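Visitor: One structure coming up, written as structure tokens, with questions to follow.
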Protein chains: 4
Amino acid sequence: MKSTIGEAISITLFGESHGNGIGVLIDGLCPGITLDMDYINHQLTLRKPKGRISTARKESDEMNIVSGYFDDHTTGTPLCILMENSNTRSKDYSKTKDLMRPSHADYTANMKYLGFQDYRGGGHFSGRLTAPLVAAGSICNQILKKKGILIGSHLKQINNLVDDSFSQDEKELIQQIHEMNHAYFPVLNNKKQEEMIQLIEQHANDGDSVGGIIESTIINLPAGVGEPFFHSIESVLSQLIFSIPGVKGIEFGLGFDFVNHTGSEVNDTFYMDKEEVKTKTNNNGGINGGISNGMPITLKTVLKPTASIYKKQDTINFKSKEDTVLQIEGRHDPAIVHRARVVIDSVIAIGLLDLLTQRYGYLWMGEE
Amino acid sequence: MKSTIGEAISITLFGESHGNGIGVLIDGLCPGITLDMDYINHQLTLRKPKGRISTARKESDEMNIVSGYFDDHTTGTPLCILMENSNTRSKDYSKTKDLMRPSHADYTANMKYLGFQDYRGGGHFSGRLTAPLVAAGSICNQILKKKGILIGSHLKQINNLVDDSFSQDEKELIQQIHEMNHAYFPVLNNKKQEEMIQLIEQHANDGDSVGGIIESTIINLPAGVGEPFFHSIESVLSQLIFSIPGVKGIEFGLGFDFVNHTGSEVNDTFYMDKEEVKTKTNNNGGINGGISNGMPITLKTVLKPTASIYKKQDTINFKSKEDTVLQIEGRHDPAIVHRARVVIDSVIAIGLLDLLTQRYGYLWMGEE
Amino acid sequence: MKSTIGEAISITLFGESHGNGIGVLIDGLCPGITLDMDYINHQLTLRKPKGRISTARKESDEMNIVSGYFDDHTTGTPLCILMENSNTRSKDYSKTKDLMRPSHADYTANMKYLGFQDYRGGGHFSGRLTAPLVAAGSICNQILKKKGILIGSHLKQINNLVDDSFSQDEKELIQQIHEMNHAYFPVLNNKKQEEMIQLIEQHANDGDSVGGIIESTIINLPAGVGEPFFHSIESVLSQLIFSIPGVKGIEFGLGFDFVNHTGSEVNDTFYMDKEEVKTKTNNNGGINGGISNGMPITLKTVLKPTASIYKKQDTINFKSKEDTVLQIEGRHDPAIVHRARVVIDSVIAIGLLDLLTQRYGYLWMGEE
Amino acid sequence: MKSTIGEAISITLFGESHGNGIGVLIDGLCPGITLDMDYINHQLTLRKPKGRISTARKESDEMNIVSGYFDDHTTGTPLCILMENSNTRSKDYSKTKDLMRPSHADYTANMKYLGFQDYRGGGHFSGRLTAPLVAAGSICNQILKKKGILIGSHLKQINNLVDDSFSQDEKELIQQIHEMNHAYFPVLNNKKQEEMIQLIEQHANDGDSVGGIIESTIINLPAGVGEPFFHSIESVLSQLIFSIPGVKGIEFGLGFDFVNHTGSEVNDTFYMDKEEVKTKTNNNGGINGGISNGMPITLKTVLKPTASIYKKQDTINFKSKEDTVLQIEGRHDPAIVHRARVVIDSVIAIGLLDLLTQRYGYLWMGEE
């Protein structure tokens with residue numbers, strides 16, 4: 001189904017950037033779960049624009065829970081969350097309606113929707129739809145956390161600025177995940193964090209933009225989760241992550257660096273750590289044959305530079321079918337990689353909760 | 001659904017490497033299509049092991065079409081293709097049944113299937129299941145080809161050996177795709193091809209293995225195909241490609257290299273090429289907002305080195321839960337990257353035909 | 001998926017009777033369709049309570065289109081329709097919260113949702129959720145009508161009062177369908193209509209309720225629509241119709257009366273009516289092997305008497321697990337069969353549009 | 001998906017009556033289940049033609065388990081069951097290929113599949129495909145039985161011959177279910193059984209056919225199973241049952257007889273039977289709001305008379321588009337209602353196991 005994903009837990013996104021509202025529908029939640037509103041709002045805050053490195057459009061992202069929640073508990077029926085679009089300046093878009101913004105979905109939307117799409121602010125393609133996605137994912141994340149499963153991400157690289165790596169030590173790693181989950185601009189190395197922010201500001205001043213690489217890790221996922229072939233952990237997470245605007249690549253474990261090694265160099269050999277089965281290395285990122293092996297899941301995602309830049313760009317007029325020049329107005333982000341982080345964490349939570357629920361049934365979520 | 005993928009065209013894989021048979025079920029094909037058996041068998045041949053750079057296990061991969069095909073035409077009902085497992089040497093596996101092969105699915109299968117999985121030759125996780133996947137994908141590919149949509153891939157990199165790039169010139173590119181589609185070891189640069197084969201042989205002699213990067217391109221896909229969010233072209237293709245054993249990363253267009261550039265450097269500006277809308281560069285790999293823009297779709301996939309190596313490796317005995325050492329026997333590939341190429345082409349065809357059929361209906365396939 | 005139905009066109013219902021709102025999400029509509037608001041509101045009016053034969057709770061059922069609609073056209077993205085719950089008197093329910101209303105979903109909801117369901121006014125099980133269902137179905141119906149496919153229903157029977165049958169003459173039948181589609185209490189025979197209304201009023205005065213049989217017909221559906229087995233027209237329509245609260249039986253064509261006949265008596269023999277293939281009789285209700293044969297589709301649906309009656313009834317207290325006596329308060333319908341008619345017409349439209357779209361693709365909807 | 005049904009447990013049917021084989025694919029079974037081959041074969045025997053009241057075509061229906069089963073246990077991967085078509089006399093059909101058998105799927109298949117369907121013996125529409133359906137359903141039934149959930153059916157009516165009703169006493173009912181599950185021609189009243197068989201033989205001698213009503217009951221299904229709306233027990237079971245060739249009506253509990261009663265007459269009042277919640281009557285057939293209430297599920301299904309009769313019938317020649325007369329040859333059943341019984345029991349088992357698995361997860365099946 002076009003705008004729905006998931007089997008046991010299904011998520012449907014709807015809405016347009018400058019329409020009446022945006023929202024998400026979550027089906028398959030167990031009855032009796034009290035939503036941790038502070039946590040969900042905290043996650044939404046991580047996605048919000050803030051400071052000079054983000055768009056000036058500010059939205060409250062206030063959640064209106066339409067259904068599926070009663071007396072502070074999930075009811076087990078579809079949970080519908082609505083968010084209003086309040087701070088819209090739709091006129092910014094009408095002037096340039098026929099000018100196809102390069103690397104944006106303007107042209108493809110025109111071709112797919114025959115010109116009937118809501119073009120204002122990117123319409124259904126707007127990054128704004130990641131707000132309800134984060135709301136849905138944070139609910140899933142809350143459930144996973146209660147089961148001890150932790151998800152964390154940091155900005156691994158922007159241009160030539162490379163952050164430190166997550167620690168191999170479990171205690172330290174948990175501490176790092178905790179820190180990243182509370183940082184608006186999540187970088188392990190403080191110095192790199194400052195440099196990255198400066199770099200973004202510098203490009204913002206130039207009317208330009210940057211992308212970046214986000215590294216994510218999931219710990220305490222039990223071994224045996226995932227399916228062979230089409231619903232492998234890699235398949236499920238990549239389908240979800242590639243639905244985030246701007247994502248252009250994903251790799252698990254060693255990823256593309258595998259090409260530089262032989263099997264004997266990178267095979268993850270097993271050993272017994274007391275009662276527990278572990279691997280000495282984790283080049284496979286915690287996944288063998290599409291299924292979790294109990295080691296941390298590790299993956300990296302690349303986001304392209306934000307397509308909306310203030311520099312003049314060549315483009316076409318879709319209506320007159322002529323070459324022209326575009327000067328984008330409106331309010332845009334010189335970088336979204338830091339805001340995208342929590343979106344990635346959220347969709348990871350959606351995918352994992354779905355796989356776990358298929359295995360254990362939906363009552364499992366609520367079990368103490 | 002666990003072993004099924006697709007909406008309008010659905011594919012279900014089944015079987016185990018040393019069981020009674022393996023197969024695939026394809027639902028959603030238009031009635032009246034004559035299968036091009038020569039083409040499908042040619043594609044299957046590209047997947048077969050051959051020469052010193054592949055496993056010594058030889059299977060005929062003969063297709064037994066059980067249903068959905070009558071009087072040399074598809075009937076429109078589910079098409080079931082069965083392949084026998086004939087050249088099995090199951091005893092090779094019983095000895096090492098409890099020894100978890102590093103970086104293989106042995107341990108995760110044990111955890112997922114509670115020890116009831118068919119462990120012989122990797123069971124359901126065997127690369128052998130890609131044979132019916134190629135059969136299914138080749139049927140889809142045949143349909144796409146008739147519509148003018150061409151898919152081609154080459155081995156971009158093995159270790160430090162890097163092949164040339166696909167041509168930017170359309171005529172040349174079509175010629176290259178044609179050549180690659182007929183080469184068992186598909187490399188654009190002949191010299192690199194020889195070096196790569198030598199490299200694999202050398203590692204084979206060492207009892208070691210290598211992985212590699214495959215670059216794929218799709219041309220003539222009309223603009224407007226794909227969905228925003230969960231069924232974007234990137235989401236659909238990555239879900240399919242990550243279901244291929246050994247795949248650990250995927251990137252579209254510039255992919256991970258986007259991190260090194262600013263928006264103004266990599267935005268693909270539009271221009272009119274006579275009546276046609278084109279982009280000057282194609283850093284987005286033909287996809288904006290998850291939807292095709294009419295430019296070639298480009299992607300790269302990385303496969304890790306084959307996990308089965310003949311070198312001694314540390315591991316555990318799953319039953320006794322003790323550390324031990326494993327010396328793999330059986331027949332294995334020192335590299336599968338060249339054989340995986342046609343599997344990638346096949347699943348790309350499955351994904352694109354599904355998206356096209358959702359848009360145009362299934363009768364579209366058969367229209368002249 | 002739990003609250004979603006449909007393949008090419010999917011419908012998701014959400015909301016609770018006394019919650020923040022109820023709504024429906026429709027995915028898969030072609031871009032460029034102008035909604036006929038007068039028609040949709042007219043259909044919603046047919047579902048609304050009216051006069052002494054209905055509940056006194058009056059809701060505006062005003063549609064708030066949250067997404068997927070722009071500049072008076074569908075955009076092709078998910079269409080979300082919201083309706084507020086305004087005229088709620090939730091206190092009516094809190095007193096009897098633990099008293100399980102006989103033949104209602106109170107007890108089963110408690111068991112399924114572990115006591116966390118919204119119990120007010122039936123919560124998610126309320127007939128009120130058929131309002132967004134009618135909204136969604138009317139959009140589908142509008143599309144079918146433009147293709148010449150007409151759906152009509154009348155009240156065939158209430159207690160021993162039996163209405164006339166639909167005409168066998170096509171012109172007359174079209175006229176009858178038109179009349180029924182404009183009647184709030186749709187009965188072909190005027191005298192029977194009056195008697196039925198009197199009967200309902202009489203039972204209303206007694207604090208009792210009645211059910212009834214609705215007969216539906218669909219004309220101009222082309223031959224060849226539907227699937228063998230699980231997605232036969234009968235399977236698709238029955239799944240949809242049984243989702244309407246109170247429906248307890250469905251039959252196609254002769255239905256249960258088939259038991260009284262032999263094959264030679266009821267086989268529908270084919271003949272050529274000029275260029276057209278027709279059957280002399282239509283005992284199969286226009287469906288052979290699950291697929292339309294071009295004759296009118298005919299079906300009958302039975303609704304049980306409304307479960308909410310004002311007479312005292314034995315029941316249990318769910319909390320104390322004791323026998324007790326219940327006197328229902330609140331506002332209830334002595335009959336819903338006349339209001340259910342348009343719900344049936346609506347879900348039929350949903351099912352048929354889905355089957356047609358699978359065949360012809362979603363762009364077909366918008367073709368002139 | 002066209003030929004697939006189910007969410008947690010999915011079933012895909014494939015094959016044609018005179019093709020290479022027919023089969024079924026079951027996905028979602030828990031690993032570690034030992035199939036009770038005697039039971040499954042017993043169920044298949046109940047479906048087989050036998051004696052003068054059935055077709056003379058005899059098939060072994062021998063199951064070839066292609067995948068998903070190893071060392072006498074399910075592996076948890078897709079289970080594919082194949083059955084050969086051996087006793088085919090395809091020439092019987094080629095002569096009458098263009099003559100559309102009345103009330104058969106010949107004409108509709110031609111329209112749907114554009115003339116490419118396998119017309120021999122009904123092709124994909126053949127009742128023969130219910131053999132793999134019974135195999136799949138019997139596996140589900142075996143699992144339900146182990147959980148104490150029993151399904152039983154009897155022939156309630158053929159023409160004016162009406163069988164007794166299932167007992168209201170639980171012990172007696174269990175005994176009756178047991179007897180029916182072992183009877184080839186399942187009728188509670190021995191005298192009626194003889195009369196029914198005589199009636200069928202008599203119509204067989206006339207070259208005619210009969211249909212019938214099957215009554216089914218399910219006991220020990222826990223309360224709380226099923227979904228509101230689209231996946232109610234009624235929706236799920238009716239979708240499955242209407243996929244059985246010849247079924248034209250279904251009713252739950254009192255069904256169509258509800259029309260003759262008022263709410264106060266038929267509401268099922270609750271009471272405490274010691275610790276257990278029960279209803280005094282069971283007019284709702286154990287289902288309230290689409291969800292089980294713990295009382296026996298009861299339903300009735302009507303099958304039309306077998307369409308294949310030996311009497312001469314008017315029809316058309318599809319190719320020449322002319323009226324003509326048809327004299328059916330081949331081997332056919334004068335009644336299939338007794339053979340259809342086990343198909344109904346089987347699809348009920350499929351539907352219930354799916355709903356239960358969605359709730360409890362797939363590992364639940366194997367729990368001791």
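By convention here, the chains of the structure tokens are called A, B, ... in the order presented, each chain's residues are numbered starting at 1, and ligands are numbered starting at 1 in the order presented.
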Using only C-alpha atoms, find which residues of chain A lie within 8 Å of chain D and jot them down as a ChimeraX atom specification.

Guide: /A:7-8,357-364

Visitor: Which residues are near region 319-330 of chain C? Cut-off 8 Å, only C-alpha atoms, ignore same chain within fewer than 5 positions. Put them as a PyMOL selection string.

Guide: (chain C and resi 89+92-93+96+98-99+101+308-314) or (chain D and resi 270-272+275)

Visitor: Can I get the selection written as a PDB file, in the first residue's frame, with N, CA and C atoms?

Guide:
ATOM      1  N   ARG C  89     -22.918  12.851  24.815  1.00  0.00           N
ATOM      2  CA  ARG C  89     -23.349  12.936  26.218  1.00  0.00           C
ATOM      3  C   ARG C  89     -22.719  11.767  26.952  1.00  0.00           C
ATOM      4  N   ASP C  92     -23.890   9.613  30.048  1.00  0.00           N
ATOM      5  CA  ASP C  92     -24.884   8.547  29.928  1.00  0.00           C
ATOM      6  C   ASP C  92     -24.256   7.172  30.083  1.00  0.00           C
ATOM      7  N   TYR C  93     -22.966   7.079  29.774  1.00  0.00           N
ATOM      8  CA  TYR C  93     -22.327   5.767  29.701  1.00  0.00           C
ATOM      9  C   TYR C  93     -21.542   5.387  30.947  1.00  0.00           C
ATOM     10  N   THR C  96     -23.109   2.967  33.506  1.00  0.00           N
ATOM     11  CA  THR C  96     -23.328   1.568  33.126  1.00  0.00           C
ATOM     12  C   THR C  96     -22.071   0.941  32.518  1.00  0.00           C
ATOM     13  N   ASP C  98     -19.693  -0.854  33.542  1.00  0.00           N
ATOM     14  CA  ASP C  98     -19.341  -2.247  33.833  1.00  0.00           C
ATOM     15  C   ASP C  98     -20.468  -3.221  33.496  1.00  0.00           C
ATOM     16  N   LEU C  99     -21.611  -2.675  33.065  1.00  0.00           N
ATOM     17  CA  LEU C  99     -22.737  -3.556  32.727  1.00  0.00           C
ATOM     18  C   LEU C  99     -22.677  -3.874  31.237  1.00  0.00           C
ATOM     19  N   ARG C 101     -23.788  -4.675  27.853  1.00  0.00           N
ATOM     20  CA  ARG C 101     -25.039  -4.652  27.094  1.00  0.00           C
ATOM     21  C   ARG C 101     -25.147  -5.919  26.242  1.00  0.00           C
ATOM     22  N   SER C 308     -29.317  -2.225  21.176  1.00  0.00           N
ATOM     23  CA  SER C 308     -29.698  -1.306  22.255  1.00  0.00           C
ATOM     24  C   SER C 308     -31.218  -1.166  22.328  1.00  0.00           C
ATOM     25  N   ILE C 309     -31.826  -1.749  23.343  1.00  0.00           N
ATOM     26  CA  ILE C 309     -33.269  -1.611  23.565  1.00  0.00           C
ATOM     27  C   ILE C 309     -33.487  -1.058  24.966  1.00  0.00           C
ATOM     28  N   TYR C 310     -34.656  -0.476  25.164  1.00  0.00           N
ATOM     29  CA  TYR C 310     -34.916   0.174  26.460  1.00  0.00           C
ATOM     30  C   TYR C 310     -35.541  -0.772  27.479  1.00  0.00           C
ATOM     31  N   LYS C 311     -35.901  -1.969  27.033  1.00  0.00           N
ATOM     32  CA  LYS C 311     -36.439  -2.945  27.978  1.00  0.00           C
ATOM     33  C   LYS C 311     -35.338  -3.398  28.935  1.00  0.00           C
ATOM     34  N   LYS C 312     -35.758  -3.775  30.128  1.00  0.00           N
ATOM     35  CA  LYS C 312     -34.789  -4.304  31.088  1.00  0.00           C
ATOM     36  C   LYS C 312     -34.245  -5.635  30.598  1.00  0.00           C
ATOM     37  N   GLN C 313     -32.944  -5.834  30.795  1.00  0.00           N
ATOM     38  CA  GLN C 313     -32.327  -7.078  30.343  1.00  0.00           C
ATOM     39  C   GLN C 313     -31.389  -7.620  31.424  1.00  0.00           C
ATOM     40  N   ASP C 314     -31.334  -8.944  31.502  1.00  0.00           N
ATOM     41  CA  ASP C 314     -30.360  -9.580  32.379  1.00  0.00           C
ATOM     42  C   ASP C 314     -28.973  -9.399  31.786  1.00  0.00           C
TER      43      ASP C 314
ATOM     44  N   PHE D 270     -26.262 -11.964  29.087  1.00  0.00           N
ATOM     45  CA  PHE D 270     -25.102 -12.559  29.766  1.00  0.00           C
ATOM     46  C   PHE D 270     -25.490 -13.077  31.148  1.00  0.00           C
ATOM     47  N   TYR D 271     -24.769 -14.100  31.585  1.00  0.00           N
ATOM     48  CA  TYR D 271     -24.890 -14.535  32.985  1.00  0.00           C
ATOM     49  C   TYR D 271     -23.581 -15.210  33.384  1.00  0.00           C
ATOM     50  N   MET D 272     -23.398 -15.327  34.696  1.00  0.00           N
ATOM     51  CA  MET D 272     -22.205 -15.995  35.201  1.00  0.00           C
ATOM     52  C   MET D 272     -22.501 -17.477  35.401  1.00  0.00           C
ATOM     53  N   GLU D 275     -17.493 -19.284  37.345  1.00  0.00           N
ATOM     54  CA  GLU D 275     -16.493 -18.255  37.037  1.00  0.00           C
ATOM     55  C   GLU D 275     -16.611 -17.744  35.604  1.00  0.00           C
TER      56      GLU D 275
END

Visitor: Could you go through region 80-307 of chain A and tell me which residues DSSP, when run on the backbone, assigns to strand (DSSP E or B), listing them as an MDAnalysis selection string?

Guide: chainID A and resid 80:84 99 150:158 161:162 210 212:219 247:252 262 270:273 276:279 287:288 291:292 297:303

Visitor: As a PyMOL selection string, list the residues of region 13-235 of chain C assigned to alpha helix (DSSP H) by DSSP on the backbone atoms of this structure.

Guide: chain C and resi 37-47+91-94+106-112+130-146+170-182+190-205+233-235

Visitor: Could you give me, as a PyMOL selection string, the residues within 12 Å of Tyr39 (chain D), counting only C-alpha atoms and dropping anything in the same chain fewer than 6 positions from it?

Guide: chain D and resi 45-46+134-135+137-143+145+181-182

Visitor: I'd like the contact shell of Thr298 (chain A) - 10 Å cut-off, only C-alpha atoms, skipping same-chain residues fewer than 6 positions apart - returned as a ChimeraX atom specification.

Guide: /A:151-153,166,215-219,251-255,282-287

Visitor: Pick the closest to Cys80 (chain D) from D:Ser67, D:Thr34, D:Asn220, D:Asn41: which is it, counting only C-alpha atoms?

Guide: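 Closest to Cys80 (chain D), using only C-alpha atoms: D:Ser67.
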
Visitor: What lies within 6 Å of region 334-347 of chain C using only C-alpha atoms, ignoring chain neighbours under 3 positions off, as a compact mmCIF listing (two decimals) with all heavy atoms, in the first residue's frame?

Guide:
# COMPACT_ATOMS: atom_id res chain seq x y z
N ARG C 47 -27.49 8.42 5.85
CA ARG C 47 -27.04 7.65 7.01
C ARG C 47 -27.46 8.29 8.33
O ARG C 47 -27.46 7.63 9.38
CB ARG C 47 -25.51 7.52 6.98
CG ARG C 47 -24.93 6.37 7.81
CD ARG C 47 -23.52 6.69 8.22
NE ARG C 47 -23.48 7.80 9.14
CZ ARG C 47 -23.54 7.68 10.47
NH1 ARG C 47 -23.60 6.50 11.04
NH2 ARG C 47 -23.53 8.77 11.25
N VAL C 134 -18.97 5.91 4.95
CA VAL C 134 -19.84 6.38 3.87
C VAL C 134 -19.14 7.49 3.08
O VAL C 134 -19.22 7.53 1.84
CB VAL C 134 -21.19 6.88 4.43
CG1 VAL C 134 -21.97 7.66 3.38
CG2 VAL C 134 -22.01 5.70 4.93
N GLY C 137 -16.72 5.70 0.87
CA GLY C 137 -17.42 4.92 -0.14
C GLY C 137 -18.10 5.80 -1.17
O GLY C 137 -18.22 5.43 -2.34
N SER C 138 -18.55 6.96 -0.75
CA SER C 138 -19.24 7.85 -1.69
C SER C 138 -18.27 8.43 -2.71
O SER C 138 -18.63 8.67 -3.86
CB SER C 138 -19.95 8.97 -0.93
OG SER C 138 -20.89 8.40 -0.05
N PHE C 185 -35.93 6.43 3.27
CA PHE C 185 -36.38 5.11 3.71
C PHE C 185 -36.74 4.33 2.44
O PHE C 185 -37.87 4.35 1.97
CB PHE C 185 -37.60 5.26 4.62
CG PHE C 185 -37.90 4.04 5.43
CD1 PHE C 185 -37.40 3.88 6.72
CD2 PHE C 185 -38.69 3.01 4.91
CE1 PHE C 185 -37.68 2.75 7.48
CE2 PHE C 185 -38.97 1.88 5.66
CZ PHE C 185 -38.47 1.74 6.94
N ALA C 204 -40.53 0.94 18.55
CA ALA C 204 -39.84 2.01 19.29
C ALA C 204 -40.65 2.35 20.54
O ALA C 204 -40.09 2.52 21.63
CB ALA C 204 -39.66 3.23 18.40
N SER C 209 -36.74 -3.17 19.26
CA SER C 209 -36.05 -2.84 18.01
C SER C 209 -36.27 -3.94 16.98
O SER C 209 -36.67 -5.05 17.32
CB SER C 209 -34.55 -2.67 18.26
OG SER C 209 -33.98 -3.92 18.61
N VAL C 210 -35.99 -3.62 15.73
CA VAL C 210 -36.08 -4.61 14.65
C VAL C 210 -34.84 -4.54 13.76
O VAL C 210 -34.11 -3.56 13.76
CB VAL C 210 -37.33 -4.39 13.76
CG1 VAL C 210 -38.61 -4.65 14.54
CG2 VAL C 210 -37.33 -3.00 13.15
N GLY C 212 -33.59 -6.23 9.62
CA GLY C 212 -34.17 -6.22 8.29
C GLY C 212 -33.21 -6.75 7.25
O GLY C 212 -32.02 -7.01 7.52
N LEU C 240 -16.18 -6.79 3.31
CA LEU C 240 -16.52 -5.39 3.56
C LEU C 240 -17.87 -5.25 4.26
O LEU C 240 -18.02 -4.49 5.23
CB LEU C 240 -16.56 -4.62 2.24
CG LEU C 240 -15.20 -4.16 1.71
CD1 LEU C 240 -15.22 -3.95 0.21
CD2 LEU C 240 -14.78 -2.88 2.42
N THR C 306 -31.42 -3.89 16.24
CA THR C 306 -30.50 -3.08 17.03
C THR C 306 -30.38 -3.66 18.44
O THR C 306 -31.40 -3.98 19.06
CB THR C 306 -31.03 -1.64 17.12
OG1 THR C 306 -31.73 -1.33 15.92
CG2 THR C 306 -29.92 -0.66 17.34
N ILE C 350 -16.47 0.70 -2.57
CA ILE C 350 -15.06 0.56 -2.21
C ILE C 350 -14.48 -0.73 -2.80
O ILE C 350 -13.42 -0.73 -3.42
CB ILE C 350 -14.89 0.57 -0.67
CG1 ILE C 350 -15.21 1.95 -0.11
CG2 ILE C 350 -13.50 0.11 -0.26
CD1 ILE C 350 -15.32 2.01 1.42

Visitor: Using only C-alpha atoms for the distances, tell me which of D:Pro102, D:Gln193, D:Thr262, D:Lys274 is nearest to Pro305 (chain D).

Guide: D:Pro102

Visitor: What does the distance from CA of Gly76 (chain A) to CA of Ser3 (chain A) come to in Å, to one decimal?

Guide: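 Interatomic distance here is 21.2 Å.
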
Visitor: Using only C-alpha atoms, which protein or nucleic acid residues come within 7 Å of Leu13 (chain A)? Drop anything in the same chain fewer than 6 positions from it, and give the result as a VMD selection string.

Guide: chain A and resid 3 to 4 23 to 25

Visitor: Between CA of Asp273 (chain B) and CA of Asn288 (chain B), what is the distance in Å, rounded to a tenth?

Guide: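 Answer for the CA of Asp273 (chain B) to CA of Asn288 (chain B) separation: 18.9 Å.
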